[in-house]
Structures are given as structure tokens and as C-alpha cells.
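Below you'll find the structure, written out as C-alpha cells, and then a few comments.
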Amino acid sequence: MLTVNFDRLALAPGKSLLDVGCGEGRHACEAYSRPGVKCFAVDLDPENVSKTAGMLAQMEKAGMGRGGAWKALCADSTCLPFDDASFDAIICAEVMEHIPDNKKAASEIARVLKPGGILAVSVPRYFPERVCWALSREYHSNPGGHIRIYKKREIQALIEATGLQCTGSHYCHALHSFYWWLKCACGVRNENAPLVKAYHRLLVWDIVKKPRLTRTLDRLLNPVIGKSLVLYFKKS
């Protein structure tokens, strides 16, 4: 399930992309599947890096890399191990809400982006996230969890303070808001709650089958309760 719209990243053969806070590699794998793209994925969690590397290696073995290259490594977003102006595009999806020194992370991301390069940043949207925090302390108080909730103007100002210019935004994953509200109401770690299990099956079905009904419903609800806010920036 992708959060970022790859059509806005202008990825072409020979271009390079950095996935900051790659998690289990959903965006990194999509980038690597594009013809001739050099994909780099970093995360602070060694387990996430291992999972991402494993999936990228499987794609390479299956010939799904389409002439590109990849590398996955452990790295801190506030101290990225790359030279200035290294990447044509950068993705930072659902990461900034976890980072204590978010200004340093934003500065580092801007530093390694090439002039003319594109940055996509996503964070949990303010209203759906506020509901989760109200329903469950456990949702946001666990180690490595969410430490802040961004309003759109706040995350935009954070990135623009590095010199990048916002070029657009959108909301996505509205149907996932209901899932997390149910999780928070029933207990974040209570995987056996009947309503949570039933709704999770619905989401999996939606992701796999992409039926017109749920895709249309998600699109109509995104402007109202989309779970994620995605912003795009360009470096002069």
C-alpha cells in the first residue's frame, strides 16, 4: 500500500531515490521496480533494514529491478551518511512524527536532495490522529511511537524552513482511519477483538482486489478523514 504518488517524483532511468525511514520497504520496492532507478533505503531499526534488503534482493533475483540498483542500510535521519545533493528524489513517509529533533532531520533531508529534486513527506493527519490519541494513551506512549501531531501548516513550515518550496499536497487512506480508531478503542495490542479482525480482513481484501466500491469510497472520504497527509516539495 503506497502513500506517496510516484507520478509526482519524476523518476526516470538513471535517477536516484532515497527512502528515509523505509520501514519494511513498501516505497523502496516500488522505486526499485521503476526502470533504471537507483534506490537507497535507510532506517534506524536493523530489523526493518533487513526486511527491506530481503525484499529488494528477491526482486533483483526475479529480474524485477529493471536495470536499476539498490542499497539498504541502518542510518539516523538526523545524520544521513550521504554527500550533499546526492538524490533526485526523497521519500519520508510516516517518519517525522517519530523524530525528537525534527528540525535536524528536515535539514539533513534537504541537504542530500539535489537542486531541482523532489521530496515527498507524509505524516498522520491532525484530526484522525487526535482521535487516536484521545482513545488510547498506549497508541502514542510506547517507545519509538508518535511524539507529536502535525497540523498541515506546521509540517509545511518545518520543511520550507530548509529552503524547499511546497508544490502540492493530498490526503489518503481514509478507510484506515476507521481501523485505527477501532484499534485504539478496543486496545492497540488486542489483535483478537472481533471488530478489529473483521475490519482488517476488509482492508486486506481492498488492498489486494482494489474493488471499485471501496476505492471510490476511499477517494470520496480522503479530503475529510484521510489518515495521512502527503506534501511534495522542490529544491531550487
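So you can find residues: chains in the C-alpha cells are A, B, ... in the order shown, residues in each start at 1, and ligands are numbered from 1 in order.
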Open item on the list: So that I can see what lies close to range 53-61 of chain A, please list as a list in words the residues with an atom at most 9 Å from it, counting only C-alpha atoms and leaving out residues fewer than 3 positions away in the same chain.
Closed with: Glu24, Gly25, Ala28, Cys29, Tyr32, Ser33, Ala41, Asn48, Val49, Ser50, Met64, Gly65, Arg66, Gly68, Ala69, Trp70, Lys71, Ala72 and Leu73 of chain A
- [ ] DSSP on the backbone, then: every residue of range 5-227 of chain A marked alpha helix (DSSP H), written as a PyMOL selection string.
- [x] chain A and resi 26-32+46-61+102-112+126-135+138-141+152-160+174-186+194-209+212-225
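Taking only C-alpha atoms, the non-local environment of His140 in chain A within 12 Å (same-chain residues fewer than 2 positions away omitted) comprises Glu97, His98, Glu129, Arg130, Val131, Cys132, Trp133, Ala134, Leu135, Ser136, Arg137, Glu138, Asn142, Pro143, Gly144, Gly145, His146, Ile147, Arg148, Ile149, Cys184 and Val188 of chain A.
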Open item on the list: Would you compute the distance between CA of Phe87 in chain A and CA of Tyr232 in chain A? Give it in Å to one decimal.
Closed with: 15.1 Å
Open item on the list: Please determine, counting only C-alpha atoms, which residue among A:Gly163, A:Pro46, A:Leu220, A:His173 has the shortest atom-to-atom distance to Leu2 in chain A.
Closed with: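 Selected residue with least distance to Leu2 in chain A: A:His173.
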Task: Atom pair CA of Arg212 in chain A / CA of Arg8 in chain A: separation (Å) - done: 23.6 Å
Task: Distance criterion (only C-alpha atoms): nearest to Gly36 in chain A out of A:Ser141, A:Ser107, A:Gln156, A:Ser16 - done: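 Nearest to Gly36 in chain A: A:Ser16.
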- [ ] Please identify all polymer residues within 9 Å of range 191-199 of chain A, counting only C-alpha atoms, omitting same-chain residues fewer than 3 positions from it, and present them as an MDAnalysis selection string.
- [x] chainID A and resid 178:180 182:183 186:188 202:204
TODO: Pick out the closest residue to Ser177 in chain A from this set: A:Leu221, A:Ile159, A:Met1, A:Ala85. Count only C-alpha atoms.
DONE: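 Selected residue with least distance to Ser177 in chain A: A:Leu221.
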- [ ] Please identify all polymer residues within 8 Å of range 124-127 of chain A, counting only C-alpha atoms, omitting same-chain residues fewer than 3 positions from it, and present them as a ChimeraX atom specification.
- [x] /A:94,97,130-131,149-152,171,225-229
Open item on the list: If we count only C-alpha atoms and set the cut-off at 8 Å, which residues sit around His170 in chain A, ignoring sequence neighbours fewer than 2 positions away in its own chain? Please answer as a PyMOL selection string.
Closed with: chain A and resi 168+172+223+229-231
Write a file of the selected residues as a CSV table (one decimal), in the first residue's frame, keeping C-alpha atoms.
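Printed below is result.csv as written:
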```
chain,number,residue,atom,x,y,z
A,168,GLY,CA,1.2,20.4,-3.7
A,172,CYS,CA,-5.0,9.3,1.6
A,223,PRO,CA,-10.5,15.0,1.8
A,229,LEU,CA,-1.3,14.0,4.8
A,230,VAL,CA,1.2,13.9,1.9
A,231,LEU,CA,3.1,17.0,0.8
```
Open item on the list: Considering only strand (DSSP E) as DSSP defines it on the backbone, what residues of range 21-93 of chain A qualify? List them as JSON, numbers by chain.
Closed with: {"A": [38, 39, 40, 41, 42, 43, 69, 70, 71, 72, 73, 74, 87, 88, 89, 90, 91, 92, 93]}
Kindly save the residues from that selection, with C-alpha atoms included, as a compact mmCIF listing (two decimals), in the first residue's frame.
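Result file follows (again-v9.txt):
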```
# COMPACT_ATOMS: atom_id res chain seq x y z
CA LYS A 38 18.92 3.64 -8.14
CA CYS A 39 17.12 3.09 -4.84
CA PHE A 40 18.61 3.67 -1.39
CA ALA A 41 16.65 2.76 1.75
CA VAL A 42 17.61 3.75 5.30
CA ASP A 43 16.04 3.09 8.68
CA ALA A 69 20.31 -0.75 -8.35
CA TRP A 70 19.60 -0.78 -4.62
CA LYS A 71 21.19 -0.47 -1.21
CA ALA A 72 19.66 -0.71 2.27
CA LEU A 73 21.45 0.37 5.43
CA CYS A 74 20.93 1.49 9.02
CA PHE A 87 19.48 12.25 -4.65
CA ASP A 88 16.99 13.25 -7.33
CA ALA A 89 14.03 12.31 -5.14
CA ILE A 90 13.47 11.55 -1.46
CA ILE A 91 10.55 9.93 0.34
CA CYS A 92 9.99 10.40 4.07
CA ALA A 93 6.70 8.62 4.78
```
Open item on the list: I'd like the contact shell of Lys15 in chain A - 7 Å cut-off, only C-alpha atoms, skipping same-chain residues fewer than 2 positions apart - returned as an MDAnalysis selection string.
Closed with: chainID A and resid 11:13 17 37:38 88
Include C-alpha atoms and write out the residues we just selected as a PDB file, in the first residue's frame.
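Contents of part-v3.pdb, as written:
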```pdb
ATOM      1  CA  LEU A  11      11.640   9.094 -11.658  1.00  0.00           C
ATOM      2  CA  ALA A  12      13.356   8.208 -14.922  1.00  0.00           C
ATOM      3  CA  PRO A  13      16.168   5.791 -15.799  1.00  0.00           C
ATOM      4  CA  LEU A  17      15.802   7.917  -4.802  1.00  0.00           C
ATOM      5  CA  VAL A  37      16.179   3.754 -10.774  1.00  0.00           C
ATOM      6  CA  LYS A  38      18.919   3.643  -8.138  1.00  0.00           C
ATOM      7  CA  ASP A  88      16.994  13.248  -7.332  1.00  0.00           C
TER       8      ASP A  88
END
```
Task: Two-atom distance - CA of Val20 in chain A, CA of Val208 in chain A (Å) - done: 25.7 Å
